[in-house]
file coords.txt (compact mmCIF, C-alpha atoms)
# COMPACT_ATOMS: atom_id res chain seq x y z
CA MET U 1 -40.75 28.04 24.90
CA ARG U 2 -43.18 28.59 22.01
CA ARG U 3 -43.44 25.71 19.56
CA ALA U 4 -42.23 27.88 16.66
CA ASP U 5 -39.13 28.82 18.67
CA ARG U 6 -38.56 25.18 19.56
CA LEU U 7 -38.70 24.07 15.91
CA PHE U 8 -36.24 26.82 15.00
CA GLN U 9 -33.90 25.68 17.76
CA ILE U 10 -34.05 22.08 16.55
CA VAL U 11 -32.98 23.18 13.07
CA GLN U 12 -30.15 25.23 14.58
CA LEU U 13 -28.93 22.29 16.68
CA LEU U 14 -28.97 20.00 13.65
CA ARG U 15 -26.79 22.36 11.60
CA GLY U 16 -23.60 21.32 13.38
CA GLN U 17 -22.77 18.70 10.72
CA ARG U 18 -22.89 15.79 13.16
CA VAL U 19 -25.51 13.26 14.17
CA VAL U 20 -27.62 14.48 17.08
CA THR U 21 -29.78 12.03 19.00
CA ALA U 22 -33.33 12.67 20.15
CA ALA U 23 -32.12 12.34 23.75
CA GLU U 24 -29.58 15.12 23.22
CA LEU U 25 -32.19 17.37 21.63
CA ALA U 26 -34.63 16.64 24.44
CA GLN U 27 -32.04 17.50 27.08
CA GLU U 28 -30.99 20.72 25.37
CA LEU U 29 -34.58 21.93 24.87
CA GLU U 30 -35.92 20.53 28.17
CA ILE U 31 -38.67 18.54 26.46
CA SER U 32 -39.47 14.84 26.15
CA PRO U 33 -37.99 12.59 23.41
CA ARG U 34 -41.55 11.93 22.25
CA THR U 35 -41.97 15.67 21.59
CA VAL U 36 -38.68 15.65 19.67
CA TYR U 37 -39.89 12.80 17.44
CA ARG U 38 -43.13 14.64 16.74
CA ASP U 39 -41.33 17.90 15.97
CA ILE U 40 -38.88 16.13 13.63
CA GLN U 41 -41.79 14.58 11.74
CA ASP U 42 -43.46 17.99 11.40
CA LEU U 43 -40.24 19.61 10.17
CA VAL U 44 -39.72 16.88 7.57
CA ALA U 45 -43.35 17.21 6.44
CA SER U 46 -42.81 20.96 5.98
CA GLY U 47 -39.83 20.38 3.70
CA VAL U 48 -36.80 20.53 6.01
CA PRO U 49 -34.42 17.79 4.68
CA ILE U 50 -33.59 16.12 8.00
CA GLU U 51 -31.80 12.78 7.61
CA GLY U 52 -31.73 9.92 10.12
CA GLU U 53 -34.23 8.03 12.21
CA ALA U 54 -35.43 7.44 15.75
CA GLY U 55 -32.93 5.47 17.81
CA VAL U 56 -30.01 6.48 15.62
CA GLY U 57 -29.95 10.25 15.39
CA TYR U 58 -30.56 13.12 13.01
CA LEU U 59 -28.59 15.57 10.91
CA LEU U 60 -29.03 18.14 8.18
CA PRO U 61 -27.17 18.15 4.85
CA HIS U 62 -24.12 20.41 5.01
CA ASP U 63 -25.48 22.64 2.25
CA PHE U 64 -28.83 23.26 3.97
CA ASP U 65 -29.47 26.80 5.13
CA LEU U 66 -32.44 28.82 6.21
CA PRO U 67 -33.61 31.55 3.83
CA PRO U 68 -31.83 34.80 4.68
CA LEU U 69 -33.79 37.54 6.37
CA MET U 70 -34.16 40.47 4.02
CA PHE U 71 -33.12 43.38 6.24
CA ASP U 72 -31.52 46.53 4.97
CA GLU U 73 -29.04 48.51 7.10
CA ASP U 74 -31.64 50.93 8.47
CA GLU U 75 -33.84 48.02 9.50
CA ILE U 76 -30.89 46.41 11.27
CA GLU U 77 -30.29 49.65 13.19
CA ALA U 78 -33.95 49.77 14.21
CA LEU U 79 -33.83 46.13 15.31
CA VAL U 80 -30.65 46.54 17.36
CA LEU U 81 -31.85 49.75 19.02
CA GLY U 82 -35.20 48.17 19.85
CA ALA U 83 -33.52 45.11 21.35
CA ARG U 84 -31.15 47.28 23.39
CA MET U 85 -34.08 49.32 24.72
CA VAL U 86 -35.93 46.15 25.72
CA GLU U 87 -32.76 44.87 27.40
CA ALA U 88 -32.34 48.16 29.28
CA PHE U 89 -35.94 48.80 30.29
CA GLY U 90 -37.70 45.44 30.22
CA ASP U 91 -37.89 42.74 32.87
CA PRO U 92 -35.04 40.18 33.10
CA LEU U 93 -36.82 37.57 30.97
CA LEU U 94 -37.56 40.06 28.19
CA ALA U 95 -33.95 41.25 28.35
CA ARG U 96 -32.73 37.70 27.74
CA ARG U 97 -35.22 37.26 24.92
CA ALA U 98 -34.00 40.50 23.32
CA ARG U 99 -30.43 39.19 23.30
CA ALA U 100 -31.67 35.88 21.89
CA VAL U 101 -33.45 37.72 19.06
CA LEU U 102 -30.22 39.41 17.97
CA SER U 103 -28.39 36.10 18.15
CA LYS U 104 -30.97 34.41 15.94
CA VAL U 105 -30.95 37.28 13.46
CA GLU U 106 -27.16 37.17 13.23
CA THR U 107 -27.32 33.43 12.49
CA VAL U 108 -29.48 33.84 9.40
CA LEU U 109 -28.32 37.23 8.09
CA PRO U 110 -26.43 37.30 4.79
CA GLU U 111 -22.67 37.50 5.40
CA ARG U 112 -22.38 41.02 4.02
CA LEU U 113 -24.79 42.35 6.66
CA LYS U 114 -23.52 40.49 9.74
CA PRO U 115 -20.81 43.08 10.59
CA ARG U 116 -23.50 45.77 10.64
CA LEU U 117 -24.99 44.29 13.82
CA ALA U 118 -21.79 44.98 15.75
CA LYS U 119 -21.37 48.48 14.33
CA VAL U 120 -24.72 49.98 15.29
CA ALA U 121 -23.77 53.01 17.40
CA LEU U 122 -27.19 53.58 18.99
CA PHE U 123 -27.27 52.99 22.75
CA THR U 124 -29.47 53.44 25.80
CA PRO U 125 -27.22 54.91 28.50
CA THR U 126 -29.73 54.43 31.34
CA ARG U 127 -31.73 51.42 32.41
CA VAL U 128 -34.38 50.37 34.89
CA PRO U 129 -32.74 49.36 38.20
CA GLU U 130 -32.68 45.57 38.56
CA GLU U 131 -34.80 45.57 41.71
CA HIS U 132 -37.58 47.40 39.86
CA ALA U 133 -37.21 45.54 36.56
CA ALA U 134 -37.78 42.23 38.36
CA LYS U 135 -41.27 43.41 39.33
CA LEU U 136 -42.28 43.83 35.69
CA GLU U 137 -42.28 40.14 34.80
CA PRO U 138 -45.15 39.06 37.11
CA LEU U 139 -47.13 42.10 35.95
CA ARG U 140 -46.49 41.32 32.29
CA ARG U 141 -47.41 37.68 32.80
CA GLY U 142 -50.54 38.78 34.61
CA VAL U 143 -51.57 40.79 31.55
CA ASN U 144 -50.77 38.00 29.09
CA GLU U 145 -52.12 35.10 31.13
CA LYS U 146 -55.07 36.97 32.69
CA ARG U 147 -54.00 36.20 36.24
CA LYS U 148 -54.41 38.42 39.27
CA VAL U 149 -51.41 40.06 40.91
CA ARG U 150 -51.00 40.98 44.55
CA PHE U 151 -48.52 43.51 45.97
CA ASP U 152 -47.92 46.04 48.72
CA TYR U 153 -48.02 49.62 47.50
CA VAL U 154 -46.94 53.03 48.77
CA ASP U 155 -48.64 55.88 46.93
CA ARG U 156 -47.34 59.38 46.22
CA ALA U 157 -48.59 60.63 49.58
CA GLY U 158 -46.74 57.86 51.44
CA CYS U 159 -49.85 55.85 52.30
CA ALA U 160 -49.32 52.07 52.30
CA SER U 161 -51.89 49.48 51.26
CA ALA U 162 -52.16 45.88 50.04
CA ARG U 163 -53.63 45.52 46.54
CA THR U 164 -55.00 42.66 44.48
CA VAL U 165 -55.51 43.68 40.87
CA ARG U 166 -56.45 42.51 37.41
CA PRO U 167 -53.58 43.89 35.28
CA VAL U 168 -54.74 45.14 31.88
CA CYS U 169 -51.65 46.82 30.37
CA LEU U 170 -48.12 48.10 30.96
CA THR U 171 -47.07 51.50 29.64
CA PHE U 172 -43.51 52.81 29.35
CA TRP U 173 -43.16 56.58 29.65
CA GLY U 174 -39.50 56.91 28.76
CA THR U 175 -38.22 56.96 32.34
CA THR U 176 -40.63 54.75 34.22
CA TRP U 177 -43.30 52.08 33.77
CA LEU U 178 -46.94 52.27 34.80
CA ALA U 179 -49.05 49.18 35.38
CA THR U 180 -52.74 49.85 34.78
CA ALA U 181 -55.15 47.46 36.43
CA TRP U 182 -58.64 47.00 37.78
CA CYS U 183 -58.09 47.39 41.52
CA GLU U 184 -60.28 45.19 43.70
CA LEU U 185 -59.73 47.46 46.70
CA ARG U 186 -60.88 50.64 44.92
CA GLN U 187 -63.27 48.92 42.50
CA ASP U 188 -61.93 51.08 39.69
CA PHE U 189 -58.99 51.40 37.34
CA ARG U 190 -55.74 52.51 38.91
CA SER U 191 -52.21 52.98 37.56
CA PHE U 192 -49.32 51.83 39.73
CA ARG U 193 -45.59 52.47 39.55
CA PRO U 194 -43.62 49.23 39.90
CA ASP U 195 -40.86 51.07 41.77
CA ARG U 196 -43.39 51.73 44.55
CA MET U 197 -44.41 48.08 44.79
CA GLU U 198 -43.11 45.46 47.19
CA ALA U 199 -43.75 41.72 47.49
CA VAL U 200 -45.17 41.46 43.97
CA GLU U 201 -46.83 38.05 43.52
CA LEU U 202 -48.44 36.53 40.44
CA LEU U 203 -51.44 34.58 41.73
CA GLU U 204 -52.84 31.33 40.40
CA GLU U 205 -56.30 32.91 40.41
CA GLY U 206 -57.27 33.95 36.90
CA PHE U 207 -59.88 36.34 35.61
CA ALA U 208 -61.98 36.70 32.48
CA ASP U 209 -62.56 39.89 30.54
CA GLU U 210 -65.55 41.61 32.05
CA ALA U 211 -67.39 44.61 30.64
CA GLY U 212 -66.23 47.77 32.36
CA LYS U 213 -63.14 46.15 33.87
CA ASP U 214 -61.04 45.26 30.81
CA LEU U 215 -58.55 47.04 28.56
CA ALA U 216 -61.25 48.17 26.15
CA ALA U 217 -63.11 49.89 28.97
CA PHE U 218 -59.94 51.60 30.20
CA LEU U 219 -59.02 52.86 26.71
CA GLU U 220 -62.56 54.13 26.18
CA ARG U 221 -62.34 56.07 29.43
CA VAL U 222 -58.96 57.58 28.47
CA THR U 223 -59.78 58.44 24.85
CA GLY U 224 -63.53 58.91 25.04
CA GLU U 225 -63.86 56.61 22.03
CA PRO U 226 -65.60 53.21 22.13
CA ARG U 227 -63.31 50.22 21.58

call {"tool": "encode", "arguments": {"input": "coords.txt", "output": "structure tokens"}}
result
Amino acid sequence: MRRADRLFQIVQLLRGQRVVTAAELAQELEISPRTVYRDIQDLVASGVPIEGEAGVGYLLPHDFDLPPLMFDEDEIEALVLGARMVEAFGDPLLARRARAVLSKVETVLPERLKPRLAKVALFTPTRVPEEHAAKLEPLRRGVNEKRKVRFDYVDRAGCASARTVRPVCLTFWGTTWLATAWCELRQDFRSFRPDRMEAVELLEEGFADEAGKDLAAFLERVTGEPR
């Protein structure tokens, strides 16, 4: 969990109008009590009026509230549709995060706009099959964490091979995903369909951006424009 998300969650947990101990916060957030104490100190220093002390517990005044998010109705529709698309076409972790986003937004929306979340009639009737969606997470983490990914692949002609790649980006084409990577077997960029992958494994082995093998090089090849 990102630190910003953790601080937000602490504020949410303290809004229940009861004393919450550091141990309870630590258990809920799966962090150490020491981290809770440090986060509480940082929140107080930033102006959040948390009352209490270590060893006793913490609470927020009943009249404390977070500033409302200033969304209009069209922005709410865009947000809900985007979250539903991520839930339908993203990997399982992103799907859960999309639902969490809507939950957080609903918590801090002004009362007059909260019903609008439930009334958005924009849907995504299809979704990525679960067995394929699960393969997206290691690929996405490989891109973000710069870690190599290994998988078995069957190409369009039916030829099978084992690949170890440096993933550089994921692209959604409306019906399917493509994972673009520097392929160590071919020593060139290749795009792979996750639905043709098996035994996808995120490796511990990392990689650094290298001229000619990174996202900038791929985009330059595709567009013909230096990046």

call {"tool": "atom_distance", "arguments": {"input": "coords.txt", "atom1": "CA of Cys169 (chain U)", "atom2": "CA of Val200 (chain U)"}}
result
16.0 Å

call {"tool": "atom_distance", "arguments": {"input": "coords.txt", "atom1": "CA of Gln12 (chain U)", "atom2": "CA of Phe71 (chain U)"}}
result
20.2 Å

call {"tool": "atom_distance", "arguments": {"input": "coords.txt", "atom1": "CA of Asp188 (chain U)", "atom2": "CA of Gly90 (chain U)"}}
result
26.6 Å

call {"tool": "residues_around", "arguments": {"input": "coords.txt", "residues": "Arg186 (chain U)", "least_positions_apart": "6", "cutoff": "10 Å", "atoms": "only C-alpha atoms", "output": "list of chain:residue names"}}
result
U:Arg163, U:Thr164, U:Val165

call {"tool": "write_last_selection", "arguments": {"input": "coords.txt", "atoms": "C-alpha atoms", "output": "compact mmCIF listing (two decimals), keeping the file's coordinate frame"}}
result
# COMPACT_ATOMS: atom_id res chain seq x y z
CA ARG U 163 -53.63 45.52 46.54
CA THR U 164 -55.00 42.66 44.48
CA VAL U 165 -55.51 43.68 40.87

call {"tool": "axis_aligned_box", "arguments": {"input": "coords.txt", "around": "region 154-164 of chain U", "padding_each_side": "5 Å", "output": "AutoDock Vina command-line options"}}
result
--center_x -50.9 --center_y 51.6 --center_z 48.4 --size_x 18.3 --size_y 28.0 --size_z 17.8

call {"tool": "residues_around", "arguments": {"input": "coords.txt", "residues": "Arg196 (chain U)", "least_positions_apart": "3", "cutoff": "8 Å", "atoms": "only C-alpha atoms", "output": "tab-separated table (two decimals) with C-alpha atoms, keeping the file's coordinate frame"}}
result
chain	number	residue	atom	x	y	z
U	153	TYR	CA	-48.02	49.62	47.50
U	154	VAL	CA	-46.94	53.03	48.77
U	155	ASP	CA	-48.64	55.88	46.93
U	192	PHE	CA	-49.32	51.83	39.73
U	193	ARG	CA	-45.59	52.47	39.55

call {"tool": "closest_residue", "arguments": {"input": "coords.txt", "among": "U:Ile10, U:Asp152, U:Leu94, U:Arg147", "to": "Leu60 (chain U)", "atoms": "all atoms listed in the file"}}
result
U:Ile10

call {"tool": "closest_residue", "arguments": {"input": "coords.txt", "among": "U:Ala199, U:Val168, U:Leu81, U:Leu13", "to": "Ala216 (chain U)", "atoms": "only C-alpha atoms"}}
result
U:Val168

call {"tool": "residues_around", "arguments": {"input": "coords.txt", "residues": "Val20 (chain U)", "least_positions_apart": "4", "cutoff": "8 Å", "atoms": "all atoms listed in the file", "output": "MDAnalysis selection string"}}
result
chainID U and resid 13:14 24:25 57:59

call {"tool": "residues_around", "arguments": {"input": "coords.txt", "residues": "region 97-102 of chain U", "least_positions_apart": "2", "cutoff": "7 Å", "atoms": "all atoms listed in the file", "output": "list of chain:residue names"}}
result
U:Ala83, U:Val86, U:Glu87, U:Leu93, U:Leu94, U:Ala95, U:Lys104, U:Val105, U:Glu106

call {"tool": "write_last_selection", "arguments": {"input": "coords.txt", "atoms": "C-alpha atoms", "output": "PDB file, in the frame of the given file"}}
result
ATOM      1  CA  ALA U  83     -33.520  45.110  21.350  1.00  0.00           C
ATOM      2  CA  VAL U  86     -35.930  46.150  25.720  1.00  0.00           C
ATOM      3  CA  GLU U  87     -32.760  44.870  27.400  1.00  0.00           C
ATOM      4  CA  LEU U  93     -36.820  37.570  30.970  1.00  0.00           C
ATOM      5  CA  LEU U  94     -37.560  40.060  28.190  1.00  0.00           C
ATOM      6  CA  ALA U  95     -33.950  41.250  28.350  1.00  0.00           C
ATOM      7  CA  LYS U 104     -30.970  34.410  15.940  1.00  0.00           C
ATOM      8  CA  VAL U 105     -30.950  37.280  13.460  1.00  0.00           C
ATOM      9  CA  GLU U 106     -27.160  37.170  13.230  1.00  0.00           C
TER      10      GLU U 106
END

call {"tool": "closest_residue", "arguments": {"input": "coords.txt", "among": "U:Thr107, U:Thr124, U:Thr180, U:Ser32", "to": "Phe8 (chain U)", "atoms": "all atoms listed in the file"}}
result
U:Thr107

call {"tool": "closest_residue", "arguments": {"input": "coords.txt", "among": "U:Leu136, U:Ala217, U:Leu122, U:Leu7", "to": "Ser46 (chain U)", "atoms": "all atoms listed in the file"}}
result
U:Leu7

call {"tool": "residues_near_point", "arguments": {"input": "coords.txt", "point": "(-40.2, 12.5, 15.2)", "cutoff": "12 Å", "atoms": "only C-alpha atoms", "output": "MDAnalysis selection string"}}
result
chainID U and resid 7 10 21:23 25:26 32:45 50:58

call {"tool": "residues_around", "arguments": {"input": "coords.txt", "residues": "Arg127 (chain U)", "least_positions_apart": "2", "cutoff": "10 Å", "atoms": "all atoms listed in the file", "output": "mmCIF file with C-alpha atoms, in the frame of the given file"}}
result
data_model
loop_
_atom_site.group_PDB
_atom_site.id
_atom_site.type_symbol
_atom_site.label_atom_id
_atom_site.label_comp_id
_atom_site.auth_asym_id
_atom_site.auth_seq_id
_atom_site.Cartn_x
_atom_site.Cartn_y
_atom_site.Cartn_z
ATOM 1 C CA ARG U 84 -31.150 47.280 23.390
ATOM 2 C CA MET U 85 -34.080 49.320 24.720
ATOM 3 C CA VAL U 86 -35.930 46.150 25.720
ATOM 4 C CA GLU U 87 -32.760 44.870 27.400
ATOM 5 C CA ALA U 88 -32.340 48.160 29.280
ATOM 6 C CA PHE U 89 -35.940 48.800 30.290
ATOM 7 C CA GLY U 90 -37.700 45.440 30.220
ATOM 8 C CA THR U 124 -29.470 53.440 25.800
ATOM 9 C CA PRO U 125 -27.220 54.910 28.500
ATOM 10 C CA PRO U 129 -32.740 49.360 38.200
ATOM 11 C CA GLU U 130 -32.680 45.570 38.560
ATOM 12 C CA ALA U 133 -37.210 45.540 36.560
ATOM 13 C CA THR U 175 -38.220 56.960 32.340
ATOM 14 C CA THR U 176 -40.630 54.750 34.220
#

call {"tool": "closest_residue", "arguments": {"input": "coords.txt", "among": "U:Leu79, U:Gln27, U:Arg18, U:Leu202", "to": "His62 (chain U)", "atoms": "all atoms listed in the file"}}
result
U:Arg18

call {"tool": "closest_residue", "arguments": {"input": "coords.txt", "among": "U:Arg96, U:Asp63, U:Val143, U:Phe123", "to": "Ala78 (chain U)", "atoms": "all atoms listed in the file"}}
result
U:Phe123
